[in-house]
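Here is query.cif, consisting of mmCIF, C-alpha atoms and all ligand atoms:
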```cif
data_data
loop_
_atom_site.group_PDB
_atom_site.id
_atom_site.type_symbol
_atom_site.label_atom_id
_atom_site.label_comp_id
_atom_site.auth_asym_id
_atom_site.auth_seq_id
_atom_site.Cartn_x
_atom_site.Cartn_y
_atom_site.Cartn_z
ATOM 1 C CA MET A 7 0.000 0.000 0.000
ATOM 2 C CA THR A 8 1.281 3.460 -0.876
ATOM 3 C CA ARG A 9 2.350 5.339 2.236
ATOM 4 C CA HIS A 10 1.591 9.030 2.750
ATOM 5 C CA PHE A 11 2.579 11.641 5.333
ATOM 6 C CA LEU A 12 -0.490 13.858 5.474
ATOM 7 C CA ARG A 13 -0.706 14.438 9.204
ATOM 8 C CA ASP A 14 1.499 13.778 12.211
ATOM 9 C CA ASP A 15 -0.363 10.663 13.275
ATOM 10 C CA ASP A 16 0.380 8.941 9.958
ATOM 11 C CA LEU A 17 3.523 7.891 11.845
ATOM 12 C CA ASP A 18 2.789 5.627 14.799
ATOM 13 C CA PRO A 19 5.131 5.908 17.806
ATOM 14 C CA GLU A 20 7.483 3.213 16.542
ATOM 15 C CA GLN A 21 7.616 4.703 13.025
ATOM 16 C CA GLN A 22 8.130 8.214 14.353
ATOM 17 C CA ALA A 23 11.057 7.048 16.498
ATOM 18 C CA ARG A 24 12.546 5.253 13.494
ATOM 19 C CA VAL A 25 12.193 8.309 11.236
ATOM 20 C CA LEU A 26 13.813 10.529 13.879
ATOM 21 C CA GLU A 27 16.648 8.039 14.295
ATOM 22 C CA LEU A 28 17.213 8.010 10.542
ATOM 23 C CA ALA A 29 17.076 11.821 10.444
ATOM 24 C CA ALA A 30 19.807 11.986 13.091
ATOM 25 C CA ARG A 31 21.877 9.506 11.091
ATOM 26 C CA LEU A 32 21.391 11.494 7.874
ATOM 27 C CA LYS A 33 22.357 14.684 9.670
ATOM 28 C CA ALA A 34 25.653 13.062 10.672
ATOM 29 C CA SER A 35 26.136 11.470 7.265
ATOM 30 C CA PRO A 36 24.105 13.389 4.636
ATOM 31 C CA TYR A 37 24.727 11.042 1.706
ATOM 32 C CA ALA A 38 24.291 7.732 3.551
ATOM 33 C CA GLU A 39 20.934 6.906 1.926
ATOM 34 C CA LYS A 40 20.087 7.400 -1.760
ATOM 35 C CA PRO A 41 16.486 6.227 -2.232
ATOM 36 C CA LEU A 42 16.090 8.792 -5.038
ATOM 37 C CA ALA A 43 19.224 7.791 -6.957
ATOM 38 C CA GLY A 44 18.613 7.938 -10.667
ATOM 39 C CA PRO A 45 17.865 10.790 -10.174
ATOM 40 C CA ARG A 46 14.210 10.225 -9.358
ATOM 41 C CA THR A 47 11.991 13.287 -9.436
ATOM 42 C CA VAL A 48 10.032 14.642 -6.471
ATOM 43 C CA ALA A 49 7.323 17.192 -7.307
ATOM 44 C CA VAL A 50 7.246 20.030 -4.758
ATOM 45 C CA LEU A 51 4.228 22.250 -5.225
ATOM 46 C CA PHE A 52 3.423 25.495 -3.387
ATOM 47 C CA ASP A 53 0.030 27.183 -3.126
ATOM 48 C CA LYS A 54 1.317 29.444 -0.314
ATOM 49 C CA PRO A 55 4.550 31.397 0.289
ATOM 50 C CA THR A 56 7.683 29.502 1.278
ATOM 51 C CA LEU A 57 11.354 29.872 2.094
ATOM 52 C CA ARG A 58 12.490 27.121 4.507
ATOM 53 C CA THR A 59 10.241 24.491 3.009
ATOM 54 C CA GLN A 60 11.340 25.012 -0.576
ATOM 55 C CA ALA A 61 15.017 25.304 0.389
ATOM 56 C CA SER A 62 15.036 22.295 2.704
ATOM 57 C CA PHE A 63 13.082 20.009 0.373
ATOM 58 C CA ALA A 64 15.213 21.014 -2.630
ATOM 59 C CA SER A 65 18.522 20.453 -0.852
ATOM 60 C CA GLY A 66 17.311 17.309 0.913
ATOM 61 C CA ILE A 67 15.977 15.719 -2.282
ATOM 62 C CA ALA A 68 19.304 16.455 -3.994
ATOM 63 C CA GLU A 69 21.197 14.839 -1.100
ATOM 64 C CA LEU A 70 19.020 11.726 -1.464
ATOM 65 C CA GLY A 71 20.172 11.507 -5.088
ATOM 66 C CA GLY A 72 16.972 12.912 -6.572
ATOM 67 C CA PHE A 73 15.719 15.921 -8.501
ATOM 68 C CA PRO A 74 13.322 18.482 -6.917
ATOM 69 C CA MET A 75 10.747 19.631 -9.471
ATOM 70 C CA ILE A 76 9.518 22.875 -7.871
ATOM 71 C CA ILE A 77 6.065 23.891 -9.123
ATOM 72 C CA ASP A 78 4.647 27.367 -8.535
ATOM 73 C CA GLY A 79 1.033 26.904 -7.492
ATOM 74 C CA SER A 80 0.035 30.252 -8.966
ATOM 75 C CA LEU A 81 0.877 28.796 -12.386
ATOM 76 C CA ALA A 82 -0.502 25.320 -11.782
ATOM 77 C CA GLN A 83 -3.727 26.701 -10.217
ATOM 78 C CA VAL A 84 -4.715 23.364 -8.760
ATOM 79 C CA GLY A 85 -8.479 23.152 -8.338
ATOM 80 C CA VAL A 86 -9.058 26.148 -10.629
ATOM 81 C CA ARG A 87 -7.471 25.330 -13.956
ATOM 82 C CA GLU A 88 -7.563 21.599 -13.298
ATOM 83 C CA SER A 89 -9.135 19.465 -10.576
ATOM 84 C CA VAL A 90 -7.032 18.153 -7.690
ATOM 85 C CA SER A 91 -7.648 14.581 -8.849
ATOM 86 C CA ASP A 92 -6.526 15.238 -12.437
ATOM 87 C CA THR A 93 -3.435 17.089 -11.176
ATOM 88 C CA ALA A 94 -2.677 14.129 -8.920
ATOM 89 C CA ARG A 95 -2.881 11.666 -11.808
ATOM 90 C CA VAL A 96 -0.576 13.827 -13.935
ATOM 91 C CA LEU A 97 2.050 14.395 -11.204
ATOM 92 C CA GLY A 98 1.937 10.733 -10.167
ATOM 93 C CA ARG A 99 3.119 9.804 -13.660
ATOM 94 C CA GLN A 100 6.114 12.172 -13.469
ATOM 95 C CA ALA A 101 7.313 11.988 -9.892
ATOM 96 C CA TRP A 102 8.123 9.401 -7.242
ATOM 97 C CA VAL A 103 6.764 11.557 -4.445
ATOM 98 C CA VAL A 104 4.473 14.607 -4.400
ATOM 99 C CA VAL A 105 5.118 17.251 -1.732
ATOM 100 C CA TRP A 106 2.395 19.877 -1.430
ATOM 101 C CA ARG A 107 1.835 23.065 0.578
ATOM 102 C CA THR A 108 -1.782 24.030 0.219
ATOM 103 C CA HIS A 109 -4.888 25.290 1.974
ATOM 104 C CA GLU A 110 -7.473 22.770 3.199
ATOM 105 C CA GLN A 111 -6.322 19.348 4.360
ATOM 106 C CA SER A 112 -9.100 17.882 2.198
ATOM 107 C CA ARG A 113 -7.181 18.991 -0.927
ATOM 108 C CA LEU A 114 -4.117 17.068 0.210
ATOM 109 C CA GLU A 115 -6.230 13.988 0.967
ATOM 110 C CA GLU A 116 -7.711 14.189 -2.517
ATOM 111 C CA MET A 117 -4.194 14.377 -3.983
ATOM 112 C CA ALA A 118 -3.192 11.280 -1.995
ATOM 113 C CA ARG A 119 -6.266 9.354 -3.177
ATOM 114 C CA HIS A 120 -5.366 9.833 -6.839
ATOM 115 C CA ALA A 121 -1.583 10.294 -7.186
ATOM 116 C CA GLY A 122 -0.576 6.627 -6.932
ATOM 117 C CA VAL A 123 2.679 7.777 -5.274
ATOM 118 C CA PRO A 124 3.390 8.991 -1.723
ATOM 119 C CA VAL A 125 2.125 12.472 -0.857
ATOM 120 C CA VAL A 126 3.753 14.666 1.820
ATOM 121 C CA ASN A 127 2.131 17.545 3.679
ATOM 122 C CA ALA A 128 4.397 20.590 3.391
ATOM 123 C CA LEU A 129 1.826 22.607 5.434
ATOM 124 C CA THR A 130 -1.922 22.894 5.229
ATOM 125 C CA ASP A 131 -4.306 25.101 7.187
ATOM 126 C CA GLU A 132 -4.723 22.213 9.641
ATOM 127 C CA PHE A 133 -1.292 20.572 10.053
ATOM 128 C CA HIS A 134 2.447 21.105 9.536
ATOM 129 C CA PRO A 135 3.861 17.664 10.307
ATOM 130 C CA CYS A 136 7.310 18.128 8.733
ATOM 131 C CA GLN A 137 7.900 21.108 10.990
ATOM 132 C CA ALA A 138 6.763 19.210 14.081
ATOM 133 C CA LEU A 139 9.198 16.389 13.269
ATOM 134 C CA ALA A 140 12.022 18.920 12.869
ATOM 135 C CA ASP A 141 11.098 20.289 16.281
ATOM 136 C CA LEU A 142 11.191 16.824 17.853
ATOM 137 C CA LEU A 143 14.636 16.200 16.374
ATOM 138 C CA THR A 144 15.795 19.552 17.777
ATOM 139 C CA ILE A 145 14.433 18.735 21.237
ATOM 140 C CA ARG A 146 16.149 15.330 21.127
ATOM 141 C CA GLU A 147 19.453 16.968 20.244
ATOM 142 C CA HIS A 148 19.243 19.535 23.016
ATOM 143 C CA ARG A 149 17.366 17.685 25.738
ATOM 144 C CA GLY A 150 17.690 13.964 24.999
ATOM 145 C CA ALA A 151 14.842 11.429 25.122
ATOM 146 C CA LEU A 152 11.481 12.891 24.169
ATOM 147 C CA ALA A 153 9.182 10.737 26.302
ATOM 148 C CA GLY A 154 8.152 12.527 29.465
ATOM 149 C CA LYS A 155 9.404 15.970 28.376
ATOM 150 C CA ARG A 156 7.025 18.927 28.758
ATOM 151 C CA LEU A 157 6.330 20.914 25.616
ATOM 152 C CA THR A 158 4.216 24.069 25.746
ATOM 153 C CA PHE A 159 2.989 25.946 22.691
ATOM 154 C CA VAL A 160 1.610 29.467 23.179
ATOM 155 C CA GLY A 161 -0.309 31.425 20.557
ATOM 156 C CA ASP A 162 -2.772 30.401 17.892
ATOM 157 C CA SER A 163 -3.668 26.926 19.150
ATOM 158 C CA ALA A 164 -6.181 26.498 16.334
ATOM 159 C CA CYS A 165 -3.477 26.777 13.681
ATOM 160 C CA ASN A 166 -1.473 24.070 11.943
ATOM 161 C CA MET A 167 1.418 24.239 14.433
ATOM 162 C CA GLY A 168 -0.841 23.974 17.484
ATOM 163 C CA HIS A 169 -2.425 20.865 15.994
ATOM 164 C CA SER A 170 0.841 19.307 14.879
ATOM 165 C CA TYR A 171 2.469 19.782 18.294
ATOM 166 C CA LEU A 172 -0.482 18.014 19.901
ATOM 167 C CA LEU A 173 -0.327 14.982 17.606
ATOM 168 C CA ALA A 174 3.432 14.681 17.150
ATOM 169 C CA GLY A 175 4.225 15.396 20.808
ATOM 170 C CA ALA A 176 1.659 12.876 22.046
ATOM 171 C CA THR A 177 3.078 10.286 19.636
ATOM 172 C CA ALA A 178 6.524 10.876 21.152
ATOM 173 C CA GLY A 179 5.135 10.399 24.692
ATOM 174 C CA MET A 180 5.569 14.053 25.616
ATOM 175 C CA HIS A 181 3.344 16.163 27.858
ATOM 176 C CA VAL A 182 1.952 18.736 25.448
ATOM 177 C CA ARG A 183 0.113 21.864 26.492
ATOM 178 C CA VAL A 184 -1.260 24.350 24.016
ATOM 179 C CA SER A 185 -2.327 27.760 25.252
ATOM 180 C CA GLY A 186 -4.059 30.628 23.497
ATOM 181 C CA PRO A 187 -7.225 32.723 23.522
ATOM 182 C CA LYS A 188 -10.389 30.646 23.968
ATOM 183 C CA ALA A 189 -11.602 31.666 20.509
ATOM 184 C CA TYR A 190 -8.460 30.032 19.075
ATOM 185 C CA ARG A 191 -8.540 26.691 20.881
ATOM 186 C CA PRO A 192 -7.428 23.608 18.981
ATOM 187 C CA ASP A 193 -9.937 21.678 16.931
ATOM 188 C CA PRO A 194 -11.608 19.391 19.504
ATOM 189 C CA THR A 195 -11.233 16.340 17.253
ATOM 190 C CA VAL A 196 -7.472 16.923 17.005
ATOM 191 C CA LEU A 197 -7.169 17.388 20.767
ATOM 192 C CA ALA A 198 -9.189 14.206 21.357
ATOM 193 C CA ARG A 199 -7.006 12.276 18.901
ATOM 194 C CA ALA A 200 -3.858 13.543 20.655
ATOM 195 C CA GLN A 201 -5.275 12.424 24.001
ATOM 196 C CA GLU A 202 -6.091 9.031 22.540
ATOM 197 C CA ILE A 203 -2.491 8.660 21.298
ATOM 198 C CA ALA A 204 -1.067 9.980 24.574
ATOM 199 C CA ALA A 205 -2.984 7.307 26.473
ATOM 200 C CA THR A 206 -0.901 4.692 24.618
ATOM 201 C CA THR A 207 2.485 6.453 24.874
ATOM 202 C CA GLY A 208 2.431 7.707 28.475
ATOM 203 C CA GLY A 209 2.237 11.331 27.345
ATOM 204 C CA SER A 210 -0.579 13.838 27.727
ATOM 205 C CA ALA A 211 -2.251 16.550 25.684
ATOM 206 C CA GLU A 212 -4.286 19.465 26.980
ATOM 207 C CA TYR A 213 -5.471 22.982 26.282
ATOM 208 C CA VAL A 214 -4.627 25.385 29.124
ATOM 209 C CA ALA A 215 -5.998 28.901 28.721
ATOM 210 C CA ASP A 216 -3.614 30.689 31.076
ATOM 211 C CA PRO A 217 -0.186 31.143 29.421
ATOM 212 C CA VAL A 218 1.841 31.261 32.640
ATOM 213 C CA GLU A 219 0.147 28.147 33.982
ATOM 214 C CA ALA A 220 0.800 26.416 30.648
ATOM 215 C CA ALA A 221 4.474 27.445 30.592
ATOM 216 C CA THR A 222 5.224 26.519 34.194
ATOM 217 C CA GLY A 223 7.951 23.876 34.341
ATOM 218 C CA ALA A 224 8.069 23.397 30.543
ATOM 219 C CA ASP A 225 11.219 21.881 29.030
ATOM 220 C CA VAL A 226 10.333 23.404 25.669
ATOM 221 C CA LEU A 227 8.459 26.636 24.905
ATOM 222 C CA ALA A 228 7.259 27.114 21.349
ATOM 223 C CA THR A 229 5.279 29.720 19.476
ATOM 224 C CA ASP A 230 4.295 30.647 15.931
ATOM 225 C CA THR A 231 3.034 33.708 14.107
ATOM 226 C CA TRP A 232 -0.369 35.021 15.217
ATOM 227 C CA LEU A 233 -1.164 35.515 11.525
ATOM 228 C CA SER A 234 -0.876 32.279 9.623
ATOM 229 C CA MET A 235 -0.685 32.548 5.843
ATOM 230 C CA GLY A 236 -4.118 33.541 4.587
ATOM 231 C CA ARG A 237 -5.068 35.362 7.854
ATOM 232 C CA GLU A 238 -3.231 38.602 7.079
ATOM 233 C CA ALA A 239 -6.449 40.634 6.954
ATOM 234 C CA GLU A 240 -7.062 39.868 10.654
ATOM 235 C CA SER A 241 -3.805 41.555 11.692
ATOM 236 C CA ALA A 242 -5.227 44.344 13.891
ATOM 237 C CA VAL A 243 -7.782 42.170 15.695
ATOM 238 C CA ARG A 244 -5.346 39.369 16.382
ATOM 239 C CA ALA A 245 -2.552 41.592 17.725
ATOM 240 C CA ASP A 246 -4.799 42.656 20.627
ATOM 241 C CA VAL A 247 -6.360 39.277 21.298
ATOM 242 C CA PHE A 248 -3.071 37.370 21.351
ATOM 243 C CA ALA A 249 -0.913 39.877 23.295
ATOM 244 C CA PRO A 250 -1.106 37.997 26.646
ATOM 245 C CA TRP A 251 0.324 34.893 24.933
ATOM 246 C CA GLN A 252 3.498 36.591 23.732
ATOM 247 C CA LEU A 253 6.619 34.483 24.336
ATOM 248 C CA ASN A 254 8.684 36.937 26.367
ATOM 249 C CA THR A 255 11.111 36.788 29.283
ATOM 250 C CA THR A 256 8.276 36.696 31.832
ATOM 251 C CA LEU A 257 6.829 33.578 30.249
ATOM 252 C CA LEU A 258 10.261 32.046 29.804
ATOM 253 C CA ALA A 259 10.948 32.585 33.523
ATOM 254 C CA ALA A 260 8.005 30.290 34.324
ATOM 255 C CA ALA A 261 9.551 27.425 32.326
ATOM 256 C CA ALA A 262 12.332 25.114 33.496
ATOM 257 C CA ASP A 263 15.692 26.876 33.943
ATOM 258 C CA ASP A 264 17.183 24.982 31.012
ATOM 259 C CA ALA A 265 14.096 25.276 28.777
ATOM 260 C CA ILE A 266 14.700 25.680 25.065
ATOM 261 C CA VAL A 267 12.718 27.969 22.767
ATOM 262 C CA LEU A 268 11.351 26.944 19.376
ATOM 263 C CA HIS A 269 9.735 28.963 16.601
ATOM 264 C CA CYS A 270 8.990 27.502 13.175
ATOM 265 C CA LEU A 271 9.678 30.896 11.502
ATOM 266 C CA PRO A 272 9.015 33.348 9.975
ATOM 267 C CA ALA A 273 9.101 35.255 13.270
ATOM 268 C CA TYR A 274 7.676 38.676 14.007
ATOM 269 C CA ARG A 275 9.777 40.147 16.803
ATOM 270 C CA GLY A 276 7.712 42.227 19.200
ATOM 271 C CA LYS A 277 4.537 40.341 18.286
ATOM 272 C CA GLU A 278 4.366 36.610 19.144
ATOM 273 C CA ILE A 279 7.961 36.578 20.473
ATOM 274 C CA THR A 280 10.346 39.222 21.734
ATOM 275 C CA ALA A 281 13.781 39.774 20.189
ATOM 276 C CA GLU A 282 15.342 39.086 23.609
ATOM 277 C CA VAL A 283 13.889 35.577 23.601
ATOM 278 C CA ILE A 284 14.277 34.509 19.978
ATOM 279 C CA ASP A 285 17.807 35.942 19.798
ATOM 280 C CA GLY A 286 18.656 34.868 23.348
ATOM 281 C CA PRO A 287 20.686 31.945 24.702
ATOM 282 C CA GLN A 288 17.758 29.547 25.128
ATOM 283 C CA SER A 289 16.611 29.841 21.522
ATOM 284 C CA VAL A 290 17.485 26.954 19.185
ATOM 285 C CA VAL A 291 15.514 28.173 16.173
ATOM 286 C CA TRP A 292 18.385 27.945 13.677
ATOM 287 C CA ASP A 293 19.002 24.289 14.519
ATOM 288 C CA GLU A 294 15.247 23.813 14.202
ATOM 289 C CA ALA A 295 15.231 25.401 10.726
ATOM 290 C CA GLU A 296 18.160 23.257 9.592
ATOM 291 C CA ASN A 297 16.519 20.111 10.903
ATOM 292 C CA ARG A 298 13.706 20.459 8.385
ATOM 293 C CA ARG A 299 16.071 19.053 5.761
ATOM 294 C CA HIS A 300 17.146 16.049 7.828
ATOM 295 C CA VAL A 301 13.664 14.953 8.903
ATOM 296 C CA GLN A 302 12.170 15.440 5.455
ATOM 297 C CA LYS A 303 14.872 13.239 3.957
ATOM 298 C CA ALA A 304 14.052 10.581 6.544
ATOM 299 C CA VAL A 305 10.325 10.878 5.761
ATOM 300 C CA ILE A 306 10.958 10.414 2.032
ATOM 301 C CA ALA A 307 13.166 7.392 2.741
ATOM 302 C CA TRP A 308 10.435 5.934 4.988
ATOM 303 C CA LEU A 309 7.734 6.530 2.377
ATOM 304 C CA LEU A 310 9.765 4.792 -0.312
ATOM 305 C CA GLU A 311 10.337 1.698 1.841
ATOM 306 C CA GLU A 312 6.961 0.704 0.364
ATOM 307 C CA PRO A 313 7.386 1.106 -3.402
ATOM 308 C CA PRO A 314 4.485 3.104 -4.839
ATOM 309 C CA ALA A 315 2.304 0.799 -6.931
ATOM 310 C CA ALA A 316 2.182 3.245 -9.842
ATOM 311 C CA LEU A 317 5.968 3.174 -10.215
ATOM 312 C CA ALA A 318 6.826 -0.397 -9.209
ATOM 313 C CA GLY A 319 8.170 -1.240 -12.675
ATOM 314 C CA ALA A 320 10.398 1.836 -12.805
ATOM 315 C CA ALA A 321 12.535 0.527 -9.924
ATOM 316 C CA GLU A 322 14.238 -1.869 -12.311
ATOM 317 C CA VAL A 323 15.102 0.936 -14.714
ATOM 318 C CA VAL A 324 17.066 2.969 -12.187
ATOM 319 C CA SER A 325 18.559 0.264 -9.992
HETATM 320 N N1 LIG B 1 1.169 28.811 11.134
HETATM 321 C C1 LIG B 1 2.075 29.341 10.134
HETATM 322 C C2 LIG B 1 3.252 28.452 9.964
HETATM 323 C C3 LIG B 1 4.320 28.994 9.048
HETATM 324 C C4 LIG B 1 5.451 28.034 8.795
HETATM 325 C C5 LIG B 1 1.325 29.534 8.838
HETATM 326 O O1 LIG B 1 0.504 28.674 8.483
HETATM 327 O O2 LIG B 1 1.546 30.532 8.167
#
```
Is it possible to give me this structure as structure tokens?
Amino acid sequence: MTRHFLRDDDLDPEQQARVLELAARLKASPYAEKPLAGPRTVAVLFDKPTLRTQASFASGIAELGGFPMIIDGSLAQVGVRESVSDTARVLGRQAWVVVWRTHEQSRLEEMARHAGVPVVNALTDEFHPCQALADLLTIREHRGALAGKRLTFVGDSACNMGHSYLLAGATAGMHVRVSGPKAYRPDPTVLARAQEIAATTGGSAEYVADPVEAATGADVLATDTWLSMGREAESAVRADVFAPWQLNTTLLAAAADDAIVLHCLPAYRGKEITAEVIDGPQSVVWDEAENRRHVQKAVIAWLLEEPPAALAGAAEVVS
């Protein structure tokens, strides 16, 4: 069966640990695995702005021996000029993997239903699982074993990062707290799913309204923009509503003394995080940004462990 990575819980705890292990190995030895040797093409399609995602997928795919075919979504106009399902069928005949940054998760699911090759979520409105994996790798590097660690996210808990921290953190056996204004609580079905996973891994997942309570004792404090891509028009309203959830030195003081700070970037200093914190000694955001490449390579290698049915014959051509 063709594997996909559409949301964080597409990796069970054992698979997630294996992918993180491989990512660490590929970080130490970038050319150790060449599942895309040929080179095999990976289609990387963007319906929203990008910097880290395009750069890290392009360099990572090259390191795996493959070719990144970057497609500008404003030209492809998926769902406007051509249906998602027709686009999927076309890309599945040209690429070994399809990586897509788009809007609704349902579009990505539709792509996965019709592509015949693995599909990777490079951010949707609902989830950002590649980023969450990069964050887990970063925590592992700086704080060791993930299980039992306390991870607190402050800000827009209803956004992709809030959701992905819940699912990915619970899968890793972490104690995840998300905190933000009540109007921006996580989707209850995502929170319930995280709690269901946490019950099997020894972790926990909860929404805590008060930011100081949520941050107290945390090993990891994370935040994200208050204005996810597509929400720019809500700038003025959100700045006021989210102000108490700013990641600043007061909040950091509530966390463990050796807490690390994560931000998926782009960051808006003086809004969701202060310059003192993101540029301070507890911030590991540059390691976090680099780790996108390593985890995404490991995800692609994991996906291709199961050869996509549509391309099974092609394996003989390149091997
Ligand atoms: N929540 C942010 C993440 C950016 C990487 C957004 O969707 O814009």
- Query: Expanded to explicit residues, what is the PyMOL selection byres (((not hetatm)) within 7 of (chain B and resi 1)) for this file, as JSON, numbers by chain?
  - Reply: {"A": [129, 131, 165, 166, 167, 230, 231, 233, 234, 235, 270, 271, 272]}
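The residues that lie within 7 Å of the point (10.4, 15.0, -6.9), counting only C-alpha atoms, are Arg46, Thr47, Val48, Ala49, Val50, Gly72, Phe73, Pro74, Met75, Ala101, Trp102, Val103 and Val104 of chain A.
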- Task: Determine the residue membership of the PyMOL selection byres (((chain A and resi 116) around 12) and not hetatm) for the file above and supply it as a list in words.
- Result: His10, Leu12, Val84, Gly85, Ser89, Val90, Ser91, Asp92, Thr93, Ala94, Arg95, Trp106, Thr108, Glu110, Gln111, Ser112, Arg113, Leu114, Glu115, Met117, Ala118, Arg119, His120, Ala121, Gly122 and Val125 of chain A
Selection to disk with C-alpha atoms, as a short mmCIF file (atom, residue, chain, number, x, y, z; two decimals), in the coordinates of the input:
```cif
data_model
loop_
_atom_site.label_atom_id
_atom_site.label_comp_id
_atom_site.auth_asym_id
_atom_site.auth_seq_id
_atom_site.Cartn_x
_atom_site.Cartn_y
_atom_site.Cartn_z
CA HIS A 10 1.59 9.03 2.75
CA LEU A 12 -0.49 13.86 5.47
CA VAL A 84 -4.72 23.36 -8.76
CA GLY A 85 -8.48 23.15 -8.34
CA SER A 89 -9.14 19.46 -10.58
CA VAL A 90 -7.03 18.15 -7.69
CA SER A 91 -7.65 14.58 -8.85
CA ASP A 92 -6.53 15.24 -12.44
CA THR A 93 -3.44 17.09 -11.18
CA ALA A 94 -2.68 14.13 -8.92
CA ARG A 95 -2.88 11.67 -11.81
CA TRP A 106 2.40 19.88 -1.43
CA THR A 108 -1.78 24.03 0.22
CA GLU A 110 -7.47 22.77 3.20
CA GLN A 111 -6.32 19.35 4.36
CA SER A 112 -9.10 17.88 2.20
CA ARG A 113 -7.18 18.99 -0.93
CA LEU A 114 -4.12 17.07 0.21
CA GLU A 115 -6.23 13.99 0.97
CA MET A 117 -4.19 14.38 -3.98
CA ALA A 118 -3.19 11.28 -2.00
CA ARG A 119 -6.27 9.35 -3.18
CA HIS A 120 -5.37 9.83 -6.84
CA ALA A 121 -1.58 10.29 -7.19
CA GLY A 122 -0.58 6.63 -6.93
CA VAL A 125 2.12 12.47 -0.86
#
```
* Just say which residues the PyMOL selection byres (((chain A and resi 140) around 9) and not hetatm) picks in this file, as a VMD selection string. => chain A and resid 26 135 to 139 141 to 145 293 to 302
Expressed in Å, the length from CA of Leu81 in chain A to CA of Leu42 in chain A is 26.2 Å
| If you count all atoms listed in the file, which residues fall within 10 Å of range 256-261 of chain A, apart from same-chain ones fewer than 3 positions away, as a ChimeraX atom specification? | /A:156-158,160,217-227,250-253,264-267,283,288
Margin query: Can you tell me which residues surround Phe248 in chain A at a distance of at most 8 Å, considering all atoms listed in the file, apart from same-chain residues fewer than 2 positions away, and format the answer as a ChimeraX atom specification?
Written below: /A:161-162,186-187,232,244-246,250-252,278
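Nearest to Ile67 in chain A of all the residues A:Gly79, A:Glu39, A:Thr8, A:Ala242 is A:Glu39, based on all atoms listed in the file.
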Please provide the set of residues having any atom within 10 Å of Ala211 in chain A, restricted to all atoms listed in the file, with same-chain residues fewer than 4 positions apart removed, written as a CSV table (one decimal) with C-alpha atoms, in the coordinates of the input.
```csv
chain,number,residue,atom,x,y,z
A,157,LEU,CA,6.3,20.9,25.6
A,158,THR,CA,4.2,24.1,25.7
A,171,TYR,CA,2.5,19.8,18.3
A,172,LEU,CA,-0.5,18.0,19.9
A,173,LEU,CA,-0.3,15.0,17.6
A,175,GLY,CA,4.2,15.4,20.8
A,176,ALA,CA,1.7,12.9,22.0
A,179,GLY,CA,5.1,10.4,24.7
A,180,MET,CA,5.6,14.1,25.6
A,181,HIS,CA,3.3,16.2,27.9
A,182,VAL,CA,2.0,18.7,25.4
A,183,ARG,CA,0.1,21.9,26.5
A,184,VAL,CA,-1.3,24.4,24.0
A,197,LEU,CA,-7.2,17.4,20.8
A,198,ALA,CA,-9.2,14.2,21.4
A,199,ARG,CA,-7.0,12.3,18.9
A,200,ALA,CA,-3.9,13.5,20.7
A,201,GLN,CA,-5.3,12.4,24.0
A,202,GLU,CA,-6.1,9.0,22.5
A,203,ILE,CA,-2.5,8.7,21.3
A,204,ALA,CA,-1.1,10.0,24.6
A,205,ALA,CA,-3.0,7.3,26.5
```
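You can rank A:Ile279, A:Ala151, A:Ala228, A:Ala128 by their closest distance to Pro55 in chain A using all atoms listed in the file, and at the top of that list sits A:Ala128.
The spacing separating CA of Ser163 in chain A from CA of Arg146 in chain A amounts to 23.0 Å.
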From CA of Gln22 in chain A to CA of Gly44 in chain A the spacing works out at 27.1 Å
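Between Gly208 in chain A and the residues A:Lys188, A:Lys155, A:His269, A:Arg237, the shortest atom-to-atom distance, using only C-alpha atoms, involves A:Lys155.
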Can I get N, CA and C atoms for range 66-74 of chain A, as a CSV table (one decimal), in the first residue's frame?
```
chain,number,residue,atom,x,y,z
A,66,GLY,N,17.4,18.7,0.4
A,66,GLY,CA,17.3,17.3,0.9
A,66,GLY,C,17.1,16.3,-0.2
A,67,ILE,N,16.2,16.6,-1.2
A,67,ILE,CA,16.0,15.7,-2.3
A,67,ILE,C,17.3,15.5,-3.1
A,68,ALA,N,18.0,16.6,-3.3
A,68,ALA,CA,19.3,16.5,-4.0
A,68,ALA,C,20.2,15.5,-3.2
A,69,GLU,N,20.3,15.7,-1.9
A,69,GLU,CA,21.2,14.8,-1.1
A,69,GLU,C,20.8,13.4,-1.1
A,70,LEU,N,19.5,13.1,-1.3
A,70,LEU,CA,19.0,11.7,-1.5
A,70,LEU,C,19.3,11.2,-2.9
A,71,GLY,N,19.9,12.0,-3.7
A,71,GLY,CA,20.2,11.5,-5.1
A,71,GLY,C,19.1,11.9,-6.1
A,72,GLY,N,18.1,12.6,-5.7
A,72,GLY,CA,17.0,12.9,-6.6
A,72,GLY,C,17.0,14.3,-7.2
A,73,PHE,N,15.9,14.6,-7.9
A,73,PHE,CA,15.7,15.9,-8.5
A,73,PHE,C,14.4,16.6,-8.0
A,74,PRO,N,14.5,17.8,-7.4
A,74,PRO,CA,13.3,18.5,-6.9
A,74,PRO,C,12.7,19.3,-8.1
```
